[in-house]
>>> print(open('model30.txt').read())   # compact mmCIF, C-alpha atoms
# COMPACT_ATOMS: atom_id res chain seq x y z
CA MET A 1 3.75 -15.33 -20.08
CA ILE A 2 3.01 -11.64 -20.75
CA THR A 3 1.46 -10.36 -23.96
CA GLU A 4 1.49 -6.59 -24.30
CA VAL A 5 -1.00 -5.67 -27.03
CA LYS A 6 0.67 -2.78 -28.82
CA ASN A 7 -0.87 -1.16 -31.89
CA ASN A 8 -2.07 2.30 -32.87
CA LEU A 9 -5.70 1.61 -32.06
CA ALA A 10 -4.98 0.13 -28.64
CA SER A 11 -2.65 3.02 -27.81
CA SER A 12 -5.26 5.57 -28.88
CA LEU A 13 -7.97 3.96 -26.75
CA LEU A 14 -5.62 3.69 -23.79
CA SER A 15 -4.77 7.39 -24.07
CA ILE A 16 -8.48 8.18 -23.67
CA LEU A 17 -8.64 6.02 -20.55
CA ARG A 18 -5.56 7.68 -19.08
CA ASP A 19 -6.83 11.23 -19.67
CA LYS A 20 -8.41 12.57 -16.48
CA LYS A 21 -10.74 14.69 -18.63
CA SER A 22 -12.36 11.56 -20.09
CA GLU A 23 -15.59 11.07 -18.17
CA GLY A 24 -18.72 8.96 -18.35
CA VAL A 25 -19.57 7.96 -21.89
CA SER A 26 -16.12 8.55 -23.42
CA PHE A 27 -14.38 6.49 -20.71
CA ARG A 28 -16.86 3.64 -20.99
CA SER A 29 -16.77 3.62 -24.77
CA ALA A 30 -12.96 3.47 -24.92
CA ALA A 31 -12.91 0.78 -22.22
CA GLU A 32 -15.32 -1.43 -24.17
CA LYS A 33 -13.34 -1.11 -27.39
CA LEU A 34 -10.03 -1.83 -25.68
CA THR A 35 -11.51 -4.87 -23.93
CA PHE A 36 -12.63 -6.15 -27.32
CA LEU A 37 -9.06 -5.92 -28.65
CA LEU A 38 -7.53 -7.64 -25.61
CA VAL A 39 -10.07 -10.45 -25.44
CA GLU A 40 -9.77 -11.01 -29.19
CA ARG A 41 -6.01 -11.41 -28.78
CA ALA A 42 -6.44 -13.86 -25.91
CA LEU A 43 -9.05 -15.88 -27.82
CA SER A 44 -6.81 -16.05 -30.87
CA ASN A 45 -4.34 -18.11 -28.83
CA LEU A 46 -6.88 -20.83 -28.04
CA PRO A 47 -6.78 -24.12 -29.96
CA SER A 48 -9.18 -24.52 -32.88
CA ASN A 49 -10.96 -27.45 -34.48
CA LYS A 50 -11.32 -28.27 -38.16
CA VAL A 51 -14.87 -28.63 -39.45
CA VAL A 52 -16.36 -29.07 -42.88
CA ILE A 53 -19.06 -26.69 -44.14
CA ASP A 54 -20.75 -25.73 -47.38
CA THR A 55 -20.13 -22.18 -48.59
CA PRO A 56 -22.40 -20.45 -51.13
CA VAL A 57 -19.97 -21.46 -53.88
CA GLU A 58 -18.32 -24.69 -52.70
CA SER A 59 -19.22 -27.86 -50.82
CA ASN A 60 -17.13 -29.55 -48.14
CA ALA A 61 -14.88 -26.57 -47.40
CA GLU A 62 -12.63 -27.09 -44.39
CA VAL A 63 -12.56 -24.22 -41.87
CA SER A 64 -11.19 -23.63 -38.36
CA VAL A 65 -13.51 -22.79 -35.47
CA LEU A 66 -13.13 -22.12 -31.78
CA ASN A 67 -15.03 -24.74 -29.88
CA ASP A 68 -13.72 -24.32 -26.36
CA GLU A 69 -15.55 -23.59 -23.15
CA VAL A 70 -14.65 -20.12 -21.89
CA VAL A 71 -15.65 -18.64 -18.53
CA PHE A 72 -15.37 -14.89 -18.07
CA VAL A 73 -14.74 -13.86 -14.46
CA PRO A 74 -14.94 -10.09 -13.92
CA ILE A 75 -13.58 -8.86 -10.61
CA LEU A 76 -16.19 -6.58 -9.06
CA ARG A 77 -16.76 -3.80 -9.50
CA ALA A 78 -14.42 -2.41 -12.16
CA GLY A 79 -14.25 -5.70 -14.05
CA LEU A 80 -17.92 -5.34 -14.96
CA LEU A 81 -17.04 -2.75 -17.59
CA MET A 82 -15.16 -5.50 -19.47
CA LEU A 83 -17.90 -8.13 -19.33
CA HIS A 84 -20.25 -6.91 -22.07
CA PRO A 85 -17.58 -6.56 -24.78
CA ALA A 86 -16.11 -9.92 -23.72
CA ILE A 87 -19.34 -11.84 -24.21
CA SER A 88 -20.16 -9.86 -27.34
CA ILE A 89 -17.06 -11.28 -29.02
CA TYR A 90 -17.54 -14.80 -27.59
CA GLU A 91 -21.27 -15.13 -27.08
CA LYS A 92 -21.28 -18.66 -25.72
CA GLY A 93 -18.90 -17.75 -22.93
CA ARG A 94 -20.09 -18.57 -19.44
CA ILE A 95 -19.91 -16.02 -16.63
CA GLY A 96 -18.70 -16.09 -13.06
CA PHE A 97 -18.07 -13.31 -10.55
CA ALA A 98 -15.40 -12.53 -7.99
CA GLY A 99 -16.03 -9.80 -5.45
CA VAL A 100 -12.83 -8.49 -3.93
CA TYR A 101 -12.15 -5.20 -2.20
CA ARG A 102 -8.76 -3.83 -1.25
CA ASN A 103 -8.05 -2.56 2.25
CA GLU A 104 -6.78 0.95 1.55
CA GLU A 105 -4.48 0.87 4.58
CA THR A 106 -2.87 -2.55 4.23
CA LEU A 107 -3.47 -2.83 0.44
CA LYS A 108 -4.42 -6.47 1.07
CA PRO A 109 -7.38 -8.08 -0.76
CA ASN A 110 -10.56 -9.21 0.98
CA LEU A 111 -12.79 -11.69 -0.84
CA TYR A 112 -16.49 -11.16 -0.07
CA TYR A 113 -18.18 -12.95 -3.00
CA PHE A 114 -17.22 -15.76 -5.35
CA LYS A 115 -19.55 -17.59 -7.72
CA VAL A 116 -17.91 -19.33 -10.67
CA PRO A 117 -19.03 -22.29 -12.78
CA VAL A 118 -16.63 -25.21 -12.73
CA ILE A 119 -16.31 -26.55 -16.28
CA LYS A 120 -13.91 -29.35 -17.12
CA ASP A 121 -11.12 -28.18 -19.46
CA ALA A 122 -12.59 -24.66 -19.79
CA PHE A 123 -10.44 -21.56 -20.18
CA TYR A 124 -10.95 -18.92 -17.49
CA PHE A 125 -10.56 -15.25 -18.42
CA ILE A 126 -10.18 -13.03 -15.35
CA LEU A 127 -11.25 -9.49 -16.22
CA ASP A 128 -9.86 -6.53 -14.28
CA PRO A 129 -8.87 -3.16 -15.79
CA MET A 130 -5.79 -2.89 -13.58
CA LEU A 131 -3.17 -5.33 -12.37
CA ALA A 132 -1.59 -3.25 -9.62
CA THR A 133 -0.16 -4.85 -6.46
CA GLY A 134 -1.28 -8.25 -7.69
CA GLY A 135 -3.04 -9.07 -4.43
CA THR A 136 -6.53 -9.21 -5.92
CA ALA A 137 -5.34 -11.19 -8.93
CA VAL A 138 -3.57 -13.75 -6.74
CA CYS A 139 -6.64 -14.06 -4.52
CA VAL A 140 -8.89 -14.95 -7.47
CA VAL A 141 -6.33 -17.23 -9.11
CA GLU A 142 -5.89 -19.18 -5.88
CA LYS A 143 -9.66 -19.68 -5.63
CA LEU A 144 -9.73 -21.05 -9.17
CA LEU A 145 -6.82 -23.37 -8.46
CA LYS A 146 -8.61 -24.75 -5.39
CA LEU A 147 -11.47 -25.66 -7.73
CA GLY A 148 -9.05 -27.75 -9.74
CA ILE A 149 -8.58 -25.32 -12.63
CA ASN A 150 -5.30 -25.84 -14.50
CA PRO A 151 -3.20 -22.63 -14.29
CA GLY A 152 -2.42 -23.08 -17.98
CA LYS A 153 -6.12 -22.49 -18.64
CA ILE A 154 -6.21 -19.12 -16.84
CA LYS A 155 -5.85 -15.80 -18.68
CA PHE A 156 -5.68 -12.44 -16.91
CA ILE A 157 -6.93 -9.49 -19.00
CA SER A 158 -6.10 -5.92 -17.95
CA PHE A 159 -5.78 -2.47 -19.50
CA VAL A 160 -2.65 -1.53 -17.56
CA SER A 161 -0.32 -3.66 -15.47
CA ALA A 162 2.37 -2.80 -12.94
CA PRO A 163 5.62 -4.78 -12.83
CA GLU A 164 4.87 -5.57 -9.17
CA GLY A 165 1.59 -7.26 -10.06
CA ILE A 166 3.08 -9.15 -12.97
CA GLU A 167 5.80 -10.47 -10.69
CA LYS A 168 3.18 -11.78 -8.24
CA LEU A 169 1.46 -13.80 -10.97
CA LYS A 170 4.72 -15.32 -12.16
CA LYS A 171 4.61 -17.78 -9.27
CA PHE A 172 1.73 -19.54 -11.03
CA SER A 173 3.28 -21.45 -13.90
CA GLY A 174 1.25 -21.25 -17.10
CA ILE A 175 -0.94 -18.21 -16.45
CA GLU A 176 -1.01 -15.72 -19.32
CA VAL A 177 -1.43 -11.96 -18.87
CA PHE A 178 -2.82 -9.86 -21.71
CA THR A 179 -2.46 -6.12 -21.20
CA ALA A 180 -2.36 -2.93 -23.25
CA SER A 181 0.54 -1.51 -21.24
CA ILE A 182 3.16 -2.52 -18.71
CA ASP A 183 3.36 0.72 -16.74
CA ARG A 184 6.27 2.09 -14.76
CA CYS A 185 5.56 1.28 -11.09
CA LEU A 186 3.20 1.72 -8.14
CA ASN A 187 3.05 4.77 -5.89
CA ASP A 188 2.96 4.54 -2.09
CA LYS A 189 -0.83 4.11 -2.18
CA GLY A 190 -0.66 1.17 -4.56
CA TYR A 191 -1.84 3.06 -7.64
CA ILE A 192 -0.25 2.36 -11.01
CA LEU A 193 1.93 5.10 -12.53
CA PRO A 194 1.12 6.62 -14.95
CA GLY A 195 -2.00 4.45 -14.76
CA LEU A 196 -5.55 5.61 -15.28
CA GLY A 197 -6.80 6.35 -11.78
CA ASP A 198 -9.62 4.41 -10.12
CA ALA A 199 -11.26 2.50 -12.98
CA GLY A 200 -14.22 1.51 -10.81
CA ASP A 201 -15.08 5.09 -9.92
CA ARG A 202 -14.57 6.28 -13.47
CA PHE A 203 -16.68 3.50 -14.97
CA CYS A 204 -19.48 3.92 -12.40
CA TYR A 205 -19.18 7.72 -12.65
CA THR A 206 -18.98 8.02 -8.85
CA GLU A 207 -15.93 10.25 -8.53
CA GLY A 208 -16.58 13.03 -6.07
CA VAL A 209 -19.86 11.61 -4.73
CA GLU A 210 -20.60 9.65 -1.57
CA VAL A 211 -20.59 5.87 -2.06
CA VAL A 212 -21.90 3.61 0.69
CA GLU A 213 -20.05 0.32 1.06
CA ASP A 214 -21.52 -2.58 3.04
CA TYR A 215 -20.14 -6.04 2.38
CA GLY A 216 -22.33 -7.68 4.99
CA ILE A 217 -19.35 -9.12 6.84
>>> encode(input="model30.txt", output="structure tokens")
Amino acid sequence: MITEVKNNLASSLLSILRDKKSEGVSFRSAAEKLTFLLVERALSNLPSNKVVIDTPVESNAEVSVLNDEVVFVPILRAGLLMLHPAISIYEKGRIGFAGVYRNEETLKPNLYYFKVPVIKDAFYFILDPMLATGGTAVCVVEKLLKLGINPGKIKFISFVSAPEGIEKLKKFSGIEVFTASIDRCLNDKGYILPGLGDAGDRFCYTEGVEVVEDYGI
């Protein structure tokens, strides 16, 4: 199931992320706000429980509350920019991490780190700004499934998604994708068009500087 979050605010924030002139603070600020909108939409689909409270003007008022376990799993490193706004909207959410890097020649994912709490009946929100080839997403989903997580409890949250990546996730029945835009396609290097470039570099503000990578493997 795909939910494309379309409204004027989401579109405005996404336009900032797409603009190559948006650097540092402006990129991070727009990314946090857009994450908030997407996570809010995903949370709104979760089941709620009825409880009785006392308001300042009435006793025994019945209200609905979210009372589910939620685990946020950002995919390193770009997914980290989505973690703070995610836990700010759902403060009791637990946190796991998935470290995956993409081989730039083969475009295949390589998992180098995975640490996720296993909570019975919890919902798992995978956070990654871009769903491109789908290789990274599939890699993380398969790890969760091996832990016994029900695919119907997995939500994938992204700013932009390519049709190719969405198609890859369709093989897992029940997974929901929440995105601000289904973009046109991938280029020959596996980047989303029109996309927003390398979200990791833009978030970390490392474009144009040397970055040392050592995965210890």
>>> closest_residue(input="model30.txt", among="A:Gly152, A:Pro194, A:Gly93, A:Pro109", to="Phe172 of chain A", atoms="all atoms listed in the file")
A:Gly152
>>> closest_residue(input="model30.txt", among="A:Arg184, A:Lys168, A:His84, A:Lys92", to="Arg28 of chain A", atoms="only C-alpha atoms")
A:His84
>>> closest_residue(input="model30.txt", among="A:Lys171, A:Phe27, A:Lys189, A:Leu37", to="Glu4 of chain A", atoms="all atoms listed in the file")
A:Leu37
>>> atom_distance(input="model30.txt", atom1="atom CA of Glu91 of chain A", atom2="atom CA of Leu46 of chain A")
15.5 Å
>>> closest_residue(input="model30.txt", among="A:Tyr205, A:Phe123, A:Tyr101, A:Tyr191", to="Glu176 of chain A", atoms="all atoms listed in the file")
A:Phe123
>>> atom_distance(input="model30.txt", atom1="atom CA of Gly99 of chain A", atom2="atom CA of Pro85 of chain A")
19.7 Å
>>> residues_around(input="model30.txt", residues="Phe97 of chain A", least_positions_apart="4", cutoff="7 Å", atoms="all atoms listed in the file", output="tab-separated table (two decimals) with C-alpha atoms, keeping the file's coordinate frame")
chain	number	residue	atom	x	y	z
A	73	VAL	CA	-14.74	-13.86	-14.46
A	74	PRO	CA	-14.94	-10.09	-13.92
A	75	ILE	CA	-13.58	-8.86	-10.61
A	114	PHE	CA	-17.22	-15.76	-5.35
A	115	LYS	CA	-19.55	-17.59	-7.72
A	116	VAL	CA	-17.91	-19.33	-10.67
>>> closest_residue(input="model30.txt", among="A:Phe178, A:Met1, A:Ser11, A:Val65", to="Pro151 of chain A", atoms="only C-alpha atoms")
A:Met1
>>> closest_residue(input="model30.txt", among="A:Phe72, A:Val63, A:Val100, A:Ala180", to="Ile87 of chain A", atoms="only C-alpha atoms")
A:Phe72
>>> closest_atom_pairs(input="model30.txt", of="segment 100-165 of chain A", to="segment 39-42 of chain A", cutoff="10 Å", atoms="all atoms listed in the file", output="CSV")
residue,atom,partner,partner_atom,distance
A:Phe125,CA,A:Val39,CA,8.5
A:Leu127,CA,A:Val39,CA,9.3
A:Lys155,CA,A:Ala42,CA,7.5
A:Phe156,CA,A:Ala42,CA,9.1
A:Ile157,CA,A:Val39,CA,7.2
A:Ser158,CA,A:Val39,CA,9.6
>>> write_last_selection(input="model30.txt", atoms="C-alpha atoms", output="PDB file, in the frame of the given file")
ATOM      1  CA  PHE A 125     -10.560 -15.250 -18.420  1.00  0.00           C
ATOM      2  CA  LEU A 127     -11.250  -9.490 -16.220  1.00  0.00           C
ATOM      3  CA  LYS A 155      -5.850 -15.800 -18.680  1.00  0.00           C
ATOM      4  CA  PHE A 156      -5.680 -12.440 -16.910  1.00  0.00           C
ATOM      5  CA  ILE A 157      -6.930  -9.490 -19.000  1.00  0.00           C
ATOM      6  CA  SER A 158      -6.100  -5.920 -17.950  1.00  0.00           C
TER       7      SER A 158
END
>>> atom_distance(input="model30.txt", atom1="atom CA of Ser26 of chain A", atom2="atom CA of Phe159 of chain A")
15.6 Å
>>> residues_near_point(input="model30.txt", point="(-7.8, -14.0, -9.3)", cutoff="9 Å", atoms="only C-alpha atoms", output="VMD selection string")
chain A and resid 73 75 98 126 to 127 134 to 144 156
>>> residues_around(input="model30.txt", residues="Leu66 of chain A", least_positions_apart="3", cutoff="10 Å", atoms="all atoms listed in the file", output="ChimeraX atom specification")
/A:43-44,46-50,69,90
>>> write_last_selection(input="model30.txt", atoms="C-alpha atoms", output="tab-separated table (two decimals), in the coordinates of the input")
chain	number	residue	atom	x	y	z
A	43	LEU	CA	-9.05	-15.88	-27.82
A	44	SER	CA	-6.81	-16.05	-30.87
A	46	LEU	CA	-6.88	-20.83	-28.04
A	47	PRO	CA	-6.78	-24.12	-29.96
A	48	SER	CA	-9.18	-24.52	-32.88
A	49	ASN	CA	-10.96	-27.45	-34.48
A	50	LYS	CA	-11.32	-28.27	-38.16
A	69	GLU	CA	-15.55	-23.59	-23.15
A	90	TYR	CA	-17.54	-14.80	-27.59
>>> residues_near_point(input="model30.txt", point="(4.2, -6.3, -17.7)", cutoff="8 Å", atoms="all atoms listed in the file", output="ChimeraX atom specification")
/A:2-4,161-163,166,179,181-183
